[in-house]
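Student: For reference, the file query.cif (mmCIF, C-alpha atoms and all ligand atoms) is included below:
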```cif
data_target
#
loop_
_atom_site.label_atom_id
_atom_site.label_comp_id
_atom_site.auth_asym_id
_atom_site.auth_seq_id
_atom_site.Cartn_x
_atom_site.Cartn_y
_atom_site.Cartn_z
CA MET A 94 -40.26 -92.20 5.23
CA THR A 95 -36.88 -90.93 6.38
CA THR A 96 -34.98 -93.37 8.52
CA SER A 97 -32.08 -92.74 10.85
CA ALA A 98 -29.78 -94.06 8.12
CA ASP A 99 -31.11 -91.44 5.66
CA ALA A 100 -30.61 -88.74 8.28
CA GLU A 101 -27.05 -89.88 8.89
CA ARG A 102 -26.34 -89.58 5.19
CA LEU A 103 -27.81 -86.05 5.14
CA ASP A 104 -25.49 -85.13 8.02
CA GLU A 105 -22.50 -86.51 6.16
CA GLU A 106 -23.33 -84.41 3.10
CA ASP A 107 -24.14 -81.27 5.12
CA PRO A 108 -21.92 -78.32 4.10
CA LEU A 109 -22.49 -76.76 7.55
CA ALA A 110 -21.63 -79.87 9.55
CA HIS A 111 -18.26 -78.42 10.64
CA CYS A 112 -20.00 -75.45 12.32
CA ARG A 113 -21.35 -77.60 15.14
CA GLU A 114 -17.82 -77.67 16.59
CA ARG A 115 -18.05 -73.93 17.07
CA PHE A 116 -20.50 -74.39 19.96
CA GLU A 117 -20.34 -75.88 23.44
CA LEU A 118 -23.38 -78.11 23.57
CA PRO A 119 -24.34 -80.09 26.65
CA ALA A 120 -24.03 -83.83 26.12
CA GLY A 121 -27.15 -85.95 25.90
CA ARG A 122 -29.45 -83.14 24.94
CA ILE A 123 -31.04 -82.08 21.68
CA TYR A 124 -31.37 -78.32 21.69
CA LEU A 125 -34.16 -76.93 19.52
CA ASP A 126 -34.46 -73.61 21.30
CA GLY A 127 -31.63 -71.69 19.66
CA ASN A 128 -34.32 -69.39 18.25
CA SER A 129 -35.01 -68.24 21.80
CA LEU A 130 -31.58 -68.44 23.43
CA GLY A 131 -28.68 -69.45 21.22
CA PRO A 132 -26.11 -71.84 22.75
CA LEU A 133 -22.62 -70.83 23.86
CA PRO A 134 -20.15 -70.35 20.99
CA ARG A 135 -16.70 -71.68 21.91
CA ALA A 136 -15.04 -68.40 20.93
CA VAL A 137 -16.82 -66.58 23.75
CA ARG A 138 -14.92 -67.94 26.76
CA LYS A 139 -11.53 -66.86 25.49
CA ARG A 140 -12.72 -63.43 24.43
CA LEU A 141 -14.57 -62.80 27.69
CA ASP A 142 -11.56 -63.93 29.66
CA GLN A 143 -9.43 -61.43 27.75
CA VAL A 144 -11.94 -58.63 28.29
CA VAL A 145 -12.35 -59.36 31.98
CA SER A 146 -8.77 -60.24 32.91
CA VAL A 147 -6.82 -57.84 30.73
CA GLU A 148 -9.01 -55.11 29.34
CA TRP A 149 -11.05 -54.46 32.45
CA GLY A 150 -8.81 -56.11 35.06
CA GLN A 151 -5.49 -54.58 34.04
CA ASP A 152 -5.98 -51.78 31.58
CA LEU A 153 -9.07 -50.39 33.25
CA ILE A 154 -10.35 -47.10 31.90
CA ALA A 155 -7.63 -46.86 29.25
CA SER A 156 -9.43 -49.68 27.44
CA TRP A 157 -12.03 -47.30 26.06
CA ASN A 158 -9.26 -46.07 23.76
CA GLU A 159 -6.66 -48.82 23.81
CA HIS A 160 -9.04 -51.70 23.19
CA ASP A 161 -11.48 -49.64 21.16
CA TRP A 162 -14.39 -50.14 23.51
CA ILE A 163 -15.75 -46.82 22.37
CA ASP A 164 -16.17 -48.01 18.78
CA MET A 165 -17.65 -51.36 19.70
CA PRO A 166 -21.32 -50.45 19.08
CA LEU A 167 -20.57 -49.37 15.51
CA ARG A 168 -18.09 -52.17 14.87
CA VAL A 169 -20.49 -54.87 16.05
CA GLY A 170 -23.30 -53.10 14.23
CA ASP A 171 -21.43 -53.31 10.92
CA ARG A 172 -20.65 -56.94 11.56
CA ILE A 173 -24.34 -57.69 12.07
CA GLY A 174 -25.02 -55.53 9.00
CA LYS A 175 -23.22 -58.13 6.87
CA LEU A 176 -25.73 -60.76 7.97
CA ILE A 177 -28.76 -58.61 7.17
CA GLY A 178 -27.84 -57.00 3.88
CA ALA A 179 -26.96 -53.59 5.28
CA ALA A 180 -24.02 -51.59 3.91
CA PRO A 181 -21.68 -50.22 6.61
CA GLY A 182 -22.76 -47.26 8.70
CA GLN A 183 -26.41 -48.18 9.07
CA VAL A 184 -26.48 -50.55 12.06
CA ILE A 185 -25.57 -49.88 15.67
CA CYS A 186 -25.52 -52.40 18.48
CA ALA A 187 -27.35 -51.02 21.51
CA ASP A 188 -29.99 -51.54 24.16
CA SER A 189 -32.90 -53.97 23.63
CA ILE A 190 -35.36 -54.38 20.79
CA SER A 191 -38.01 -52.65 22.88
CA VAL A 192 -35.90 -49.55 23.49
CA ASN A 193 -34.67 -49.43 19.91
CA LEU A 194 -38.26 -49.67 18.69
CA PHE A 195 -39.07 -46.52 20.63
CA LYS A 196 -36.25 -44.71 18.85
CA VAL A 197 -37.25 -45.82 15.36
CA LEU A 198 -40.95 -45.23 15.95
CA ALA A 199 -40.16 -41.62 16.72
CA ALA A 200 -37.86 -41.40 13.70
CA ALA A 201 -40.49 -43.01 11.44
CA LEU A 202 -43.16 -40.57 12.60
CA ASP A 203 -40.70 -37.75 12.05
CA VAL A 204 -39.90 -38.65 8.43
CA THR A 205 -43.62 -39.10 7.63
CA ARG A 206 -44.76 -36.01 9.50
CA GLY A 207 -48.50 -35.31 9.31
CA ARG A 208 -49.42 -39.00 9.39
CA SER A 209 -50.33 -40.85 12.57
CA LYS A 210 -51.20 -44.48 11.87
CA VAL A 211 -48.76 -47.20 12.86
CA LEU A 212 -50.01 -50.37 11.26
CA SER A 213 -49.09 -53.80 12.53
CA ILE A 214 -50.29 -57.38 12.51
CA GLU A 215 -52.58 -58.98 15.09
CA GLY A 216 -50.57 -61.38 17.18
CA ASN A 217 -47.31 -59.55 16.59
CA PHE A 218 -44.83 -60.00 19.43
CA PRO A 219 -46.33 -58.15 22.41
CA THR A 220 -43.39 -55.83 23.09
CA ASP A 221 -43.67 -54.40 19.58
CA LEU A 222 -47.31 -53.52 20.15
CA TYR A 223 -46.73 -52.33 23.72
CA MET A 224 -44.04 -49.92 22.58
CA VAL A 225 -46.39 -48.35 20.04
CA GLU A 226 -49.12 -48.12 22.70
CA GLY A 227 -46.66 -46.49 25.06
CA PHE A 228 -45.62 -44.05 22.39
CA GLN A 229 -49.25 -43.30 21.61
CA HIS A 230 -49.88 -42.63 25.30
CA LEU A 231 -46.93 -40.25 25.40
CA VAL A 232 -47.66 -38.14 22.32
CA GLY A 233 -51.43 -38.59 22.02
CA ALA A 234 -53.52 -40.48 19.48
CA GLU A 235 -53.49 -37.54 17.08
CA GLN A 236 -49.78 -38.03 16.59
CA CYS A 237 -49.53 -41.81 16.85
CA ARG A 238 -52.25 -44.41 16.72
CA LEU A 239 -51.74 -48.16 16.65
CA GLU A 240 -53.91 -50.27 14.36
CA THR A 241 -53.57 -54.03 13.99
CA VAL A 242 -55.07 -56.22 11.27
CA PRO A 243 -54.83 -59.91 10.34
CA HIS A 244 -51.68 -60.56 8.31
CA HIS A 245 -53.53 -61.14 5.06
CA GLU A 246 -55.18 -57.70 5.31
CA LEU A 247 -52.00 -55.78 6.00
CA ILE A 248 -51.24 -54.44 2.55
CA GLU A 249 -54.74 -53.21 1.84
CA ALA A 250 -54.87 -51.48 5.25
CA ILE A 251 -51.98 -49.18 4.32
CA ASP A 252 -53.55 -45.81 3.58
CA ASP A 253 -52.62 -42.15 3.15
CA ASN A 254 -52.55 -41.62 6.90
CA THR A 255 -50.19 -44.53 7.52
CA ALA A 256 -46.86 -43.35 8.87
CA ALA A 257 -45.26 -46.73 9.46
CA VAL A 258 -45.90 -50.40 8.90
CA LEU A 259 -44.39 -52.47 11.71
CA VAL A 260 -43.78 -56.09 10.80
CA THR A 261 -41.91 -58.92 12.46
CA ASP A 262 -40.37 -60.92 9.61
CA VAL A 263 -41.32 -64.24 11.21
CA ASP A 264 -44.25 -64.70 13.58
CA PHE A 265 -42.93 -65.98 16.90
CA ARG A 266 -45.85 -68.37 17.42
CA SER A 267 -46.72 -69.81 14.05
CA GLY A 268 -43.38 -69.37 12.28
CA ARG A 269 -45.14 -67.64 9.38
CA ARG A 270 -42.80 -65.44 7.37
CA HIS A 271 -44.19 -62.28 5.83
CA ASP A 272 -43.34 -61.03 2.36
CA THR A 273 -41.35 -58.02 3.51
CA ALA A 274 -40.29 -57.01 0.00
CA ALA A 275 -43.93 -56.71 -1.10
CA ILE A 276 -44.85 -54.92 2.13
CA ALA A 277 -41.99 -52.43 1.63
CA ARG A 278 -43.19 -51.66 -1.90
CA ALA A 279 -46.80 -51.23 -0.79
CA ALA A 280 -45.79 -48.98 2.11
CA HIS A 281 -43.64 -46.80 -0.12
CA ASP A 282 -46.36 -46.56 -2.77
CA ARG A 283 -48.56 -45.00 -0.11
CA GLY A 284 -45.85 -42.74 1.32
CA ALA A 285 -45.35 -44.82 4.48
CA VAL A 286 -42.17 -46.37 5.83
CA LEU A 287 -41.44 -49.92 6.93
CA ILE A 288 -40.07 -50.95 10.32
CA ARG A 289 -38.99 -54.59 10.51
CA ASP A 290 -38.35 -56.67 13.61
CA LEU A 291 -35.69 -59.25 12.76
CA ALA A 292 -35.84 -61.16 16.06
CA HIS A 293 -36.60 -64.46 14.33
CA SER A 294 -34.87 -63.87 11.01
CA ALA A 295 -31.43 -62.33 11.65
CA GLY A 296 -28.88 -65.14 11.48
CA ALA A 297 -31.51 -67.64 10.36
CA MET A 298 -31.78 -66.74 6.68
CA PRO A 299 -30.46 -64.24 4.13
CA ILE A 300 -31.94 -60.79 4.69
CA GLU A 301 -31.65 -57.92 2.22
CA LEU A 302 -32.49 -54.71 4.07
CA ASP A 303 -30.79 -52.35 1.59
CA ALA A 304 -31.92 -54.17 -1.54
CA GLU A 305 -35.53 -54.28 -0.35
CA GLU A 306 -35.32 -50.59 0.61
CA CYS A 307 -36.27 -51.24 4.18
CA ASP A 308 -36.45 -48.02 6.22
CA PHE A 309 -35.86 -49.11 9.80
CA ALA A 310 -35.20 -52.43 11.53
CA VAL A 311 -34.49 -53.79 14.98
CA GLY A 312 -33.26 -57.20 16.08
CA CYS A 313 -31.83 -58.98 19.07
CA GLY A 314 -28.49 -60.57 19.83
CA TYR A 315 -29.46 -63.57 21.92
CA LYS A 316 -31.56 -65.64 19.52
CA PHE A 317 -30.04 -66.89 16.23
CA LEU A 318 -26.98 -64.65 16.75
CA ASN A 319 -26.05 -66.60 19.92
CA GLY A 320 -24.93 -63.53 21.87
CA GLY A 321 -26.02 -64.90 25.25
CA PRO A 322 -28.79 -64.09 27.72
CA GLY A 323 -29.74 -60.40 27.58
CA SER A 324 -27.27 -59.76 24.78
CA PRO A 325 -27.51 -56.24 23.36
CA ALA A 326 -29.83 -55.67 20.43
CA PHE A 327 -29.28 -53.71 17.24
CA VAL A 328 -30.99 -51.05 15.20
CA TYR A 329 -30.80 -50.35 11.46
CA VAL A 330 -31.65 -46.97 10.01
CA ALA A 331 -31.35 -46.58 6.23
CA GLU A 332 -28.86 -43.85 5.43
CA ARG A 333 -31.57 -41.66 3.86
CA HIS A 334 -33.35 -41.41 7.24
CA GLN A 335 -30.35 -40.85 9.45
CA HIS A 336 -30.80 -37.06 9.49
CA THR A 337 -33.75 -37.46 11.85
CA ARG A 338 -33.36 -36.96 15.60
CA GLN A 339 -34.31 -39.70 17.97
CA PRO A 340 -35.78 -38.82 21.35
CA LEU A 341 -33.58 -40.99 23.60
CA ALA A 342 -30.77 -38.63 22.77
CA GLY A 343 -28.15 -39.49 25.34
CA TRP A 344 -24.56 -38.41 25.55
CA MET A 345 -23.26 -41.44 23.67
CA GLY A 346 -25.21 -40.30 20.61
CA HIS A 347 -23.71 -36.81 20.79
CA ALA A 348 -21.31 -35.67 18.09
CA ARG A 349 -18.58 -35.11 20.73
CA PRO A 350 -19.57 -36.76 24.04
CA PHE A 351 -16.35 -35.69 25.72
CA ASP A 352 -16.94 -32.01 25.08
CA PHE A 353 -19.64 -32.33 27.75
CA SER A 354 -21.51 -29.61 25.96
CA PRO A 355 -24.67 -28.33 27.67
CA SER A 356 -26.71 -28.81 24.52
CA TYR A 357 -27.23 -31.85 22.35
CA GLU A 358 -25.73 -32.07 18.92
CA PRO A 359 -26.48 -35.42 17.28
CA ALA A 360 -23.56 -37.44 16.00
CA PRO A 361 -23.52 -37.80 12.22
CA GLY A 362 -25.03 -41.00 10.87
CA ILE A 363 -26.20 -44.05 12.76
CA ALA A 364 -24.15 -43.15 15.87
CA ARG A 365 -26.92 -40.82 17.03
CA PHE A 366 -29.09 -43.89 17.66
CA ALA A 367 -26.96 -44.69 20.69
CA SER A 368 -28.23 -43.46 24.03
CA GLY A 369 -26.05 -44.32 27.03
CA THR A 370 -22.87 -46.22 27.80
CA PRO A 371 -22.69 -49.57 25.99
CA GLY A 372 -22.52 -52.76 28.07
CA ILE A 373 -19.05 -53.85 27.03
CA LEU A 374 -19.13 -57.35 28.52
CA GLY A 375 -22.33 -58.26 26.68
CA MET A 376 -21.24 -56.61 23.47
CA ALA A 377 -17.83 -58.30 23.50
CA THR A 378 -19.64 -61.60 24.02
CA LEU A 379 -21.86 -60.94 21.04
CA GLU A 380 -18.92 -59.82 18.91
CA SER A 381 -17.06 -63.06 19.52
CA ALA A 382 -20.25 -65.11 19.14
CA LEU A 383 -20.68 -63.72 15.65
CA THR A 384 -17.48 -65.49 14.58
CA ALA A 385 -19.62 -68.65 14.50
CA PHE A 386 -20.88 -67.23 11.17
CA ASP A 387 -17.39 -66.84 9.68
CA GLY A 388 -17.30 -68.26 6.17
CA VAL A 389 -20.94 -69.33 6.43
CA ASP A 390 -23.19 -68.77 3.44
CA LEU A 391 -26.65 -67.81 4.68
CA ASP A 392 -28.16 -69.49 1.64
CA ASP A 393 -26.78 -72.77 3.00
CA VAL A 394 -28.25 -71.93 6.40
CA ARG A 395 -31.64 -71.29 4.86
CA GLN A 396 -31.58 -74.42 2.75
CA LYS A 397 -30.68 -76.60 5.71
CA SER A 398 -33.23 -74.90 7.95
CA LEU A 399 -36.00 -75.70 5.48
CA ALA A 400 -34.76 -79.27 5.07
CA LEU A 401 -34.64 -79.83 8.85
CA ALA A 402 -38.13 -78.42 9.19
CA ASP A 403 -39.51 -80.58 6.38
CA LEU A 404 -37.91 -83.65 7.87
CA PHE A 405 -39.44 -82.89 11.26
CA ALA A 406 -42.93 -82.22 9.90
CA ASP A 407 -42.73 -85.40 7.78
CA CYS A 408 -41.66 -87.57 10.72
CA VAL A 409 -44.49 -86.21 12.88
CA ALA A 410 -47.04 -86.65 10.11
CA ALA A 411 -45.88 -90.25 9.60
CA ALA A 412 -46.55 -91.24 13.22
CA PRO A 413 -50.19 -92.29 13.72
CA GLU A 414 -49.88 -91.61 17.48
CA LEU A 415 -49.24 -87.93 16.69
CA SER A 416 -52.32 -87.33 14.53
CA ALA A 417 -53.71 -84.84 17.08
CA ILE A 418 -50.54 -82.73 16.91
CA GLU A 419 -51.38 -80.15 14.30
CA LEU A 420 -48.74 -78.42 12.19
CA VAL A 421 -49.36 -74.65 12.25
CA THR A 422 -46.27 -73.45 10.39
CA PRO A 423 -47.02 -72.89 6.70
CA THR A 424 -45.54 -75.51 4.39
CA ASP A 425 -44.69 -73.10 1.56
CA PRO A 426 -40.95 -72.34 1.98
CA HIS A 427 -41.49 -68.66 1.12
CA CYS A 428 -43.98 -68.31 3.94
CA ARG A 429 -42.04 -69.73 6.85
CA GLY A 430 -39.12 -68.87 9.05
CA SER A 431 -36.76 -71.19 10.88
CA GLN A 432 -39.02 -72.93 13.35
CA VAL A 433 -41.64 -75.64 13.33
CA SER A 434 -44.73 -74.98 15.42
CA PHE A 435 -47.51 -77.38 16.26
CA SER A 436 -50.64 -76.89 18.28
CA HIS A 437 -52.14 -79.24 20.82
CA PRO A 438 -54.31 -78.55 23.90
CA ASP A 439 -51.71 -80.32 26.09
CA GLY A 440 -48.84 -78.57 24.34
CA TYR A 441 -47.24 -77.27 27.50
CA ALA A 442 -47.10 -80.67 29.20
CA ILE A 443 -45.87 -82.42 26.05
CA VAL A 444 -42.99 -79.95 25.72
CA GLN A 445 -42.12 -80.40 29.41
CA ALA A 446 -42.17 -84.19 29.08
CA MET A 447 -39.93 -83.97 26.01
CA ILE A 448 -37.50 -81.72 27.90
CA ALA A 449 -37.37 -84.37 30.64
CA GLU A 450 -36.30 -86.81 27.90
CA GLY A 451 -33.53 -84.48 26.76
CA VAL A 452 -35.20 -82.69 23.85
CA VAL A 453 -35.49 -78.96 24.44
CA GLY A 454 -38.18 -77.04 22.61
CA ASP A 455 -40.50 -74.46 24.12
CA PHE A 456 -44.15 -73.59 24.54
CA ARG A 457 -45.95 -70.42 23.54
CA SER A 458 -49.33 -69.66 24.98
CA PRO A 459 -52.05 -70.64 24.33
CA ASP A 460 -51.23 -74.00 22.72
CA ILE A 461 -48.08 -73.80 20.58
CA LEU A 462 -45.26 -76.35 20.75
CA ARG A 463 -42.30 -74.57 19.17
CA PHE A 464 -39.05 -76.03 17.85
CA GLY A 465 -36.30 -73.83 16.45
CA MET A 466 -34.25 -75.02 13.48
CA THR A 467 -30.69 -73.80 13.95
CA PRO A 468 -28.58 -75.14 11.07
CA LEU A 469 -25.18 -74.19 12.49
CA PHE A 470 -25.39 -76.94 15.10
CA THR A 471 -28.52 -79.05 14.62
CA ARG A 472 -28.08 -82.45 12.94
CA TYR A 473 -30.63 -84.30 10.87
CA VAL A 474 -30.36 -87.34 13.13
CA GLU A 475 -31.43 -85.17 16.05
CA ILE A 476 -34.61 -84.24 14.22
CA VAL A 477 -35.51 -87.90 13.66
CA GLU A 478 -34.83 -88.54 17.33
CA THR A 479 -36.95 -85.55 18.36
CA ALA A 480 -39.95 -86.83 16.45
CA GLU A 481 -39.43 -90.26 17.99
CA THR A 482 -39.25 -88.71 21.46
CA MET A 483 -42.49 -86.85 20.82
CA ARG A 484 -44.10 -90.07 19.65
CA ARG A 485 -42.94 -91.93 22.76
CA VAL A 486 -44.18 -89.18 25.09
CA VAL A 487 -47.61 -88.90 23.49
CA ALA A 488 -48.14 -92.62 22.89
CA GLY A 489 -47.14 -93.40 26.49
CA GLU A 490 -49.15 -90.42 27.81
CA ARG A 491 -46.05 -89.40 29.71
CA HIS A 492 -47.20 -85.78 29.59
CA ARG A 493 -50.14 -86.58 31.89
CA ASP A 494 -47.74 -86.77 34.82
CA PRO A 495 -48.63 -83.83 37.12
CA GLU A 496 -44.99 -82.76 37.26
CA PHE A 497 -45.28 -81.65 33.64
CA GLN A 498 -48.27 -79.41 34.31
CA ARG A 499 -46.44 -77.03 36.64
CA ARG A 500 -45.51 -73.79 34.93
CA GLY A 501 -42.35 -71.83 35.58
CA ARG A 502 -42.31 -68.06 35.14
CA VAL A 503 -40.56 -68.55 31.82
CA THR A 504 -42.06 -71.05 29.39
C1 LIG B 601 -37.58 -61.93 21.33
C2 LIG B 601 -38.32 -60.82 20.68
C3 LIG B 601 -38.21 -59.51 21.14
C4 LIG B 601 -37.43 -59.20 22.37
O1 LIG B 601 -37.40 -57.83 22.68
P1 LIG B 601 -36.37 -57.29 23.76
O2 LIG B 601 -36.80 -55.90 24.01
O3 LIG B 601 -35.00 -57.34 23.14
O4 LIG B 601 -36.47 -58.15 24.97
C5 LIG B 601 -38.86 -58.52 20.42
N1 LIG B 601 -39.59 -58.80 19.32
C6 LIG B 601 -39.72 -60.07 18.87
C7 LIG B 601 -40.51 -60.35 17.64
C8 LIG B 601 -39.12 -61.12 19.56
O5 LIG B 601 -39.29 -62.36 19.13
#
```
If you took the structure in this file and wrote it as structure tokens, what would it be?
Ligand SMILES: *Cc1c(COP(=O)(O)O)cnc(C)c1O
Tutor:
Amino acid sequence: MTTSADAERLDEEDPLAHCRERFELPAGRIYLDGNSLGPLPRAVRKRLDQVVSVEWGQDLIASWNEHDWIDMPLRVGDRIGKLIGAAPGQVICADSISVNLFKVLAAALDVTRGRSKVLSIEGNFPTDLYMVEGFQHLVGAEQCRLETVPHHELIEAIDDNTAAVLVTDVDFRSGRRHDTAAIARAAHDRGAVLIRDLAHSAGAMPIELDAEECDFAVGCGYKFLNGGPGSPAFVYVAERHQHTRQPLAGWMGHARPFDFSPSYEPAPGIARFASGTPGILGMATLESALTAFDGVDLDDVRQKSLALADLFADCVAAAPELSAIELVTPTDPHCRGSQVSFSHPDGYAIVQAMIAEGVVGDFRSPDILRFGMTPLFTRYVEIVETAETMRRVVAGERHRDPEFQRRGRVT
């Protein structure tokens, strides 16, 4: 069994230990929800102050040129590209995952013309499925038809009518990670393309979009990338597919927006995946937040993430009082992301009671207790303390208190 002394030693030997200083973390709290909303990187305040006070406050509209606001979506996109194995010119920062999914769905159906099936996994994040349904409603089931299957049946369900396979790298409930390289190969063998949702993988582990020949991908800025609430998302389109038109063709994706031409001419390359004016405050926040990854090797991040998760699962398994708390995240390192999920019928109340004791995880309906492993700032000693807090809550039945049953609109 790992003791606090062991955990302290692991922290001392941790090659990422210095990164914790890059964040403002509230005292007296253990934050295991950086997979849902990353904490505030220290670099953000200074950058936002500069953007607000000088760029907006003083230089006003000149800042589009003078402070390169106009290039920010591509600049931030390339910066994210480095974290996800994408060569420059294939990622643009824009909109939300949902909106970007609409764009790439249309592009995917365009490059596989004649096929209609969009294949995804049961239990995929709802917005991904809703966006396909919405698209299907718009163009008709002859052009686009959503089919979902259990994850272990995905590859065999790819057929000659499959236009796109839509996979979230890491399942938001269970933490299961899918073998995206194998899925890409299977999709391509059948003439389909792969769309990946990187919401729970970007910034949490090495990702190789180009090397795995991924076709399209989307991801968000506010989870492991720490870009702040409602941070803009990003979209990746492999260079070979960038000739396609996307339907949310706004003026910012035009080849020459300031010609104000009456007809649309798509910008060359990834720039055409922009729609309207970028939210500069949010994008500047994300850009500065990404400096938290400076000099960081994502292999180190992955290794520590797995070690934190193993430590947590071991501590929970070692506590007899927690025998009813069932681990649902796979134990095979290849098959899991950067979170540890458990199930328990009183999961919601247990999470609330833990939050009241200063340990922040979250709950996902119907019964998942979810804890994000965020190696840039989480310490091993915090994991030992988290398991101990869970033990104290459950053993003392603290979660039975009615105050922990009340549900907010956001869980
Ligand atoms: C968080 C998350 C989203 C969020 O989508 P937005 O449109 O950016 O709000 C999408 N997909 C997955 C898998 C997520 O986990």
Student: Closest to ligand LIG 601 (chain B) among A:His230, A:Arg172, A:His347, A:Lys316, using only C-alpha atoms and all ligand atoms?
Tutor: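 Using only C-alpha atoms and all ligand atoms, ligand LIG 601 (chain B) sits closest to A:Lys316.
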Student: Check every protein, DNA and RNA residue against ligand LIG 601 (chain B), keep those with an atom at most 7 Å away (counting all atoms listed in the file), and present them as a list in words.
Tutor: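 If we count all atoms listed in the file, the neighbours of ligand LIG 601 (chain B) turn out to be Ser129, Ser189, Ile190, Ser191, Val192, Asn217, Phe218, Thr220, Asp221, Thr261, Phe265, Asp290, Leu291, Ala292, His293, Cys313 and Ala326 of chain A.
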Student: Under the rule of at most 12 Å, produce a per-residue listing of range 343-444 of chain A near range 103-106 of chain A: chain, number, name, the closest pair of atoms, and the distance in Å, as a Markdown table, using all atoms listed in the file.
Tutor:
```
| residue | atom | partner | partner_atom | distance |
| --- | --- | --- | --- | --- |
| A:Lys397 | CA | A:Leu103 | CA | 9.9 |
| A:Ala400 | CA | A:Leu103 | CA | 9.7 |
| A:Leu401 | CA | A:Leu103 | CA | 10.0 |
| A:Leu404 | CA | A:Leu103 | CA | 10.7 |
```
Student: List every protein, DNA or RNA residue that has an atom no more than 12 Å from (-48.6, -79.7, 30.6) in the file's coordinate frame, counting all atoms listed in the file, and report them as a PyMOL selection string.
Tutor: chain A and resi 437-448+455-462+486-487+490-501+504
Student: Compile the contact shell of Pro423 in chain A as a ChimeraX atom specification: residues with an atom at most 10 Å away, counting all atoms listed in the file, same-chain residues fewer than 4 positions apart removed.
Tutor: /A:267-270,427-430,433-434
Student: Just the selected residues (C-alpha atoms), exported as a PDB file, keeping the file's coordinate frame, please.
Tutor:
```
ATOM      1  CA  SER A 267     -46.720 -69.810  14.050  1.00  0.00           C
ATOM      2  CA  GLY A 268     -43.380 -69.370  12.280  1.00  0.00           C
ATOM      3  CA  ARG A 269     -45.140 -67.640   9.380  1.00  0.00           C
ATOM      4  CA  ARG A 270     -42.800 -65.440   7.370  1.00  0.00           C
ATOM      5  CA  HIS A 427     -41.490 -68.660   1.120  1.00  0.00           C
ATOM      6  CA  CYS A 428     -43.980 -68.310   3.940  1.00  0.00           C
ATOM      7  CA  ARG A 429     -42.040 -69.730   6.850  1.00  0.00           C
ATOM      8  CA  GLY A 430     -39.120 -68.870   9.050  1.00  0.00           C
ATOM      9  CA  VAL A 433     -41.640 -75.640  13.330  1.00  0.00           C
ATOM     10  CA  SER A 434     -44.730 -74.980  15.420  1.00  0.00           C
TER      11      SER A 434
END
```
Student: Do you have the CA of Glu117 in chain A-CA of Ala295 in chain A distance handy?
Tutor: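 Distance between the two atoms: 21.1 Å.
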